[in-house]
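Novice: Here it is, the structure, as structure tokens.
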Amino acid sequence: MRAAVIVFPGSNCDRDIAIALQQSTGKPTKMVWHQDTDIPDVDLIAVPGGFSYGDYLRCGAMAAHSPVMREVKRRVEKGVRVLAVCNGFQIVTEAGLLPGVLMRNRNLKYICKDVHLKVEDSQSAFTAKYKVGDVIRIPIGHAEGNYFADEETLERLESEGRVAFRYCTPNGDVTADANPNGSQHNIAGVFNASRTVLGMMPHPERLADPKLGGNDGRAVFDALVETLA
Amino acid sequence: MNKVSPITPDVIKTHGLSDDEYKKILEVLGREPNLVELGIFSVMWSEHCSYKSSKRWLKTLPTTAPWVICGPGENAGVIDIGEGLAAIFKMESHNHPSFIEPYQGAATGVGGILRDVFTMGARPIANMNALRFGDPSHPKTRHLVSGVVHGIGGYGNCVGVPTVGGEVNFHPSYNGNILVNAMTVGLAQQDKIFYSAAAGAGNPVVYVGSKTGRDGIHGATMASAEFDANSEEKRPTVQVGDPFTEKLLIEACMELMATDAIQSIQDMGAAGLTSSSFEMASKGGMGVELNMNLVPQREEGMTPYEMMLSESQERMLIILKPGKEDLARKIFEKWELDFAVIGHLTDTGRMILKFNGDVVCDLPIDPLAQASPEYDRPWVASKKQPVVAAKDVKDVPWRDALKTLMGCPDLASRRWIWEQYDHMVMMDTAQRPGGDAAVVRIHSSNRALAISTDVTPRYVKADPFEGGKQAVAETWRNITAVGARPLAITDNLNFGNPQKPEIMGQIVEAIKGIGEACKALDYPVISGNVSLYNETDGNPILPTPAIGGVGLLDNLDQMTTIAFKGEGEAIVLLGQSGEGWLGQSLYLREVCGEERGAPPPVDLAHERKVGDFVRGLITGGKVSACHDLSDGGLLVAIAEMALAGHTGCKLEGIAGHARLFGEDQGRYVVTAKNAAAVIDAAKKAGVTATQIGVTGGDTIGLGGASLDLSSLRQLHEGWFPAYMAQ
């Protein structure tokens with residue numbers, strides 16, 4: 001699998017996700033500067049976390065209008081997979097690649113901690129190494145991760161099985177207490193209709209190395225390599 | 001010359017210069033300065049920039065070791081950590097601005113210390129902070145905690161450098177003067193370290209980063225004066241930070257540093273353009289000529305005086321090698337940052353500023369630096385406090401005392417704070433906040449740096465010499481407790497008004513104590529910062545020489561944490577306990593409501609012997625958990641280990657408040673599957689070792705009574721969120 005990471009001014013998880021990808025692909029990850037209008041021929045585009053444009057105006061709003069995002073959209077039309085994490089999730093929702101918005105966390109604070117996620121899908125290229133119902137532990141680090149969409153959209157997401165992960169307790173119960181940021185339906189990650197774009201607030205790259213205290217995120221990258229090899 | 005403003009005694013006073021200092025200016029110049037020149041003198045000779053009260057004593061600190069590449073005097077200190085790499089670090093205060101405007105004060109404190117580190121060629125890999133607030137019941141405290149934490153997070157999270165640890169204390173002495181000390185650790189290639197001494201007449205002087213505005217004018221002068229009821233009026237002198245620009249500045253500088261274009265570089269910190277241009281020229285024995293019209297400006301109609309004294313953030317000054325302007329310009333344009341050649345170096349030894357074609361400043365650099373004031377201020381030694389006998393302290397049942405301590409403001413869990421900091425970005429945080437030391441992996445290796453910040457201000461107040469020793473020893477101990485070799489420290493000396501002999505005495509004796517501990521532990525000072533005049537309406541803070549220590553773990557797989565790892569393991573106390581030292585202990589303060597007595601002395605030979613032994617146990621894989629003993633003594637340490645490991649324990653053979661809560665120094669608790677091996681090895685090494693219990697269950701049991709972990713956890717985790725929610 002060939003992968004590229006888009007770098008915006010203010011991205012700060014670009015190196016992290018490139019490392020996690022490299023660990024699974026065994027190949028160097030291509031870094032693409034936001035002003036580039038051409039993206040190398042790759043199977044996966046990662047839109048990383050961070051504070052693109054300093055979160056000014058609204059998280060992800062300015063990056064969504066970057067020249068490179070037009071090309072990302074064209075690639076999505078061609079079926080290239082896009083993994084958008086944290087600020088990346090905010091950017092692709094602003095760009096219209098995924099429905100919904102990420103609002104201020106319920107407690108109005110930035111939150112950095114491990115959370116538990118219930119895996120809701122194992123059919124996509126991103127989640128193929130998990131089983132539905134698996135509980136995984138990976139961290140969040142955001143102030144705006146409170147997923148919101150109108151009722152109609154939520155219903156569509158649910159009925160089409162496009163919720164990828166939900167915040168849950170260590171035992172897998174999807175409860176209000178296990179919801180760190182107030183997201184509707186405890187949603188932590190969603191797919192587009194063709195399941196080729198995954199946006200998620202938690203950082204799978206941050207726990208993809210046992211030396212950092214966990215390895216549950218690694219399966220996302222391994223699954224991509226297996227599926228897209 | 002431009003029309004010169006009259007320099008009246010009033011003008012001199014508002015610039016914070018004494019009559020004697022002004023006389024010296026007249027001597028150096030041989031004429032009256034104009035306002036621009038007076039402004040430059042005022043910041044260069046401020047306490048903040050000149051260290052005029054502390055210099056004489058700072059010189060006595062040990063600053064060398066075979067692994068020290070660069071000691072104090074540069075933007076940050078540099079140590080050799082092997083494999084061609086260097087760790088570059090420093091701690092710096094932003095106390096006065098943070099009290100006036102907590103969010104921006106703390107945020108720009110983080111921004112400033114980051115620049116001090118990356119200006120030397122290091123990529124910042126970890127931030128730490130040492131915070132001191134007033135009494136929790138003081139009406140301002142909650143607002144200040146909230147603002148400072150929000151500001152540190154707001155800045156550090158955005159630049160993408162993990163905030164991995166720190167310390168927080170509450171005490172009424174900080175009611176009117178909080179302390180915000182921020183530390184950054186960076187990583188550099190040893191052959192790619194950048195210094196600030198300018199060289200090469202004719203070389204271009206380049207300004208990069210944000211534009212200059214009118215914010216922060218006279219910040220350094222403010223930081224060199226006491227506060228009073230009208231300090232709020234100084235809000236306009238607090239700078240405003242932009243972490244997004246800082247992130248771009250880091251990346252642009254790193255990109256430029258990878259080329260061969262930079263001769264020297266320095267950030268514009270306190271006193272901005274003045275101190276950076278002046279210090280760079282002074283260190284290199286050069287002159288400098290700047291055209292103020294070329295300085296990128298955010299506001300219209302700025303005068304040279306304002307430009308020279310502005311403390312606008314996220315700016316750097318670079319001396320480029322000849323012909324490298326275009327290469328450098330392209331990089332900064334890519335990152336959408338300002339780039340301007342604003343002048344050049346000369347061999348005249350003078351600082352010449354031009355504005356609209358006129359010379360508005362013409363100062364001799366070397367004589368100005370040479371004449372920089374240095375005071376031997378009168379001081380008196382602090383009065384020794386009597387040793388408190390255990391029998392004179394009320395013996396409260398251990399369960400009640402432990403519950404009080406674990407839920408008190410100084411010991412309660414800091415989770416509320418560190419969950420607001422991104423402590424995982426960069427994917428090298430091997431030990432997160434909450435342990436003895438933060439551990440950050442050296443990228444793409446299996447080695448790691450261990451970092452700890454410590455000081456126990458109540459000890460320093462009661463005995464500045466012993467307290468100074470203890471602050472250094474405590475960082476050394478924390479770094480040892482994760483299995484790392486402590487290498488060097490940065491010191492951030494926060495004190496009151498040095499013109500009071502008793503305060504000056506605290507400074508002198510604490511520095512002596514710090515120096516003694518550094519020598520005994522082979523643990524030199526490589527950078528630091530002094531913050532004086534931390535008083536409001538004449539009430540000084542507790543003397544607070546915060547120490548930031550850095551150590552090296554050669555093999556990350558050997559790292560230990562404080563958490564109990566399983567059931568049935570022996571709990572062993574290492575180091576000599578004596579009868580149990582209750583003077584100045586948290587037990588005495590929190591349980592008995594008394595702050596009195598001499599603090600526990602630090603026997604540095606014992607400290608080193610026990611620490612070296614413990615480190616050997618850890619790296620030899622003989623122990624499964626390790627925690628040093630500090631605030632709250634033995635039982636608090638054990639409770640913290642139990643909570644972290646979600647495993648209880650049964651203790652035996654220890655009893656009495658002095659043994660359980662005494663704060664005797666140089667001790668550790670370890671757990672081991674094989675207790676006999678640990679105790680035998682200790683005997684051979686001449687280290688006192690006693691098995692005091694076994695892990696297991698979900699309670700802490702001692703002397704027929706027990707306390708369940710879940711209620712203890714509620715107390716420990718509950719205080720901070722409940723307090724902040726009020």
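Residue numbering restarts at 1 for every chain of the structure tokens, chains are lettered A, B, ... in their displayed order, and ligands are numbered from 1 as they appear.
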Set the cut-off to 10 Å and count only C-alpha atoms: what are the residues of chain A that reach chain B? Output as number ranges by chain.

Specialist: A: 9-17, 19-20, 35, 49-56, 109-114, 139-143, 203, 205-213

Novice: Find the spatial neighbours of Ala448 of chain B, counting only C-alpha atoms, within a cut-off of 12 Å - ignore same-chain residues fewer than 6 positions away - and output them as a ChimeraX atom specification.

Specialist: /A:211-212 /B:81-82,85,87,125-126,187,428-431,437-442,479,482-486,550-559

Novice: Go ahead and save the residues from that selection, with C-alpha atoms, as a PDB file, in the first residue's frame.

Specialist:
```
ATOM      1  CA  LYS A 211       6.121   0.872  24.294  1.00  0.00           C
ATOM      2  CA  LEU A 212       3.684   3.761  24.513  1.00  0.00           C
TER       3      LEU A 212
ATOM      4  CA  ILE B  81      23.261  12.295  25.571  1.00  0.00           C
ATOM      5  CA  GLY B  82      25.331  10.038  23.348  1.00  0.00           C
ATOM      6  CA  LEU B  85      22.679  13.752  20.094  1.00  0.00           C
ATOM      7  CA  ALA B  87      19.444  17.477  24.958  1.00  0.00           C
ATOM      8  CA  ILE B 125      10.085  17.255  22.496  1.00  0.00           C
ATOM      9  CA  ALA B 126       8.620  17.932  25.922  1.00  0.00           C
ATOM     10  CA  LEU B 187      16.626  17.283  20.966  1.00  0.00           C
ATOM     11  CA  ASP B 428       7.193   9.300  22.273  1.00  0.00           C
ATOM     12  CA  THR B 429       5.609   9.750  25.712  1.00  0.00           C
ATOM     13  CA  ALA B 430       6.587   6.512  27.445  1.00  0.00           C
ATOM     14  CA  GLN B 431       5.530   7.640  30.905  1.00  0.00           C
ATOM     15  CA  ALA B 437       9.268  11.574  36.318  1.00  0.00           C
ATOM     16  CA  ALA B 438       7.952  11.998  32.802  1.00  0.00           C
ATOM     17  CA  VAL B 439       9.695   9.710  30.341  1.00  0.00           C
ATOM     18  CA  VAL B 440       9.985  10.728  26.697  1.00  0.00           C
ATOM     19  CA  ARG B 441      11.547   8.378  24.178  1.00  0.00           C
ATOM     20  CA  ILE B 442      14.386   9.705  22.049  1.00  0.00           C
ATOM     21  CA  ILE B 479      14.627  10.634  37.760  1.00  0.00           C
ATOM     22  CA  VAL B 482      12.095   5.572  36.806  1.00  0.00           C
ATOM     23  CA  GLY B 483      15.494   3.987  36.238  1.00  0.00           C
ATOM     24  CA  ALA B 484      17.291   6.904  34.578  1.00  0.00           C
ATOM     25  CA  ARG B 485      20.710   8.465  35.205  1.00  0.00           C
ATOM     26  CA  PRO B 486      20.266  12.110  36.260  1.00  0.00           C
ATOM     27  CA  VAL B 550      16.900  15.743  33.049  1.00  0.00           C
ATOM     28  CA  GLY B 551      18.251  12.199  32.998  1.00  0.00           C
ATOM     29  CA  LEU B 552      18.864   9.444  30.496  1.00  0.00           C
ATOM     30  CA  LEU B 553      17.435   5.931  30.285  1.00  0.00           C
ATOM     31  CA  ASP B 554      19.790   3.823  28.201  1.00  0.00           C
ATOM     32  CA  ASN B 555      17.198   1.130  27.668  1.00  0.00           C
ATOM     33  CA  LEU B 556      13.534   2.033  27.669  1.00  0.00           C
ATOM     34  CA  ASP B 557      12.587  -1.570  28.403  1.00  0.00           C
ATOM     35  CA  GLN B 558      14.088  -1.144  31.881  1.00  0.00           C
ATOM     36  CA  MET B 559      11.835   1.773  32.847  1.00  0.00           C
TER      37      MET B 559
END
```

Novice: As a PyMOL selection string, please: every residue in segment 34-180 of chain A that DSSP puts in strand (DSSP E).

Specialist: chain A and resi 44-47+81-85+101-103+111-119+135-142+146-148+163-168

Novice: For Gly686 of chain B, find every residue with an atom within 9 Å (counting only C-alpha atoms), except residues of its own chain fewer than 5 positions away, and show them as a ChimeraX atom specification.

Specialist: /B:609-610,681

Novice: Near Val68 of chain A, counting only C-alpha atoms, which residues have an atom at most 7 Å away, once you skip same-chain residues fewer than 4 positions from it, shown as a list in words?

Specialist: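 Those residues are His34, Gln35, Asp36, Thr37 and Val72 of chain A.
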
Novice: Include C-alpha atoms and write out the residues we just selected as a tab-separated table (two decimals), in the first residue's frame.

Specialist:
```
chain	number	residue	atom	x	y	z
A	34	HIS	CA	-1.21	21.81	1.28
A	35	GLN	CA	-0.42	24.10	-1.64
A	36	ASP	CA	0.44	21.19	-3.90
A	37	THR	CA	-2.30	20.59	-6.41
A	72	VAL	CA	-8.39	14.92	-2.36
```
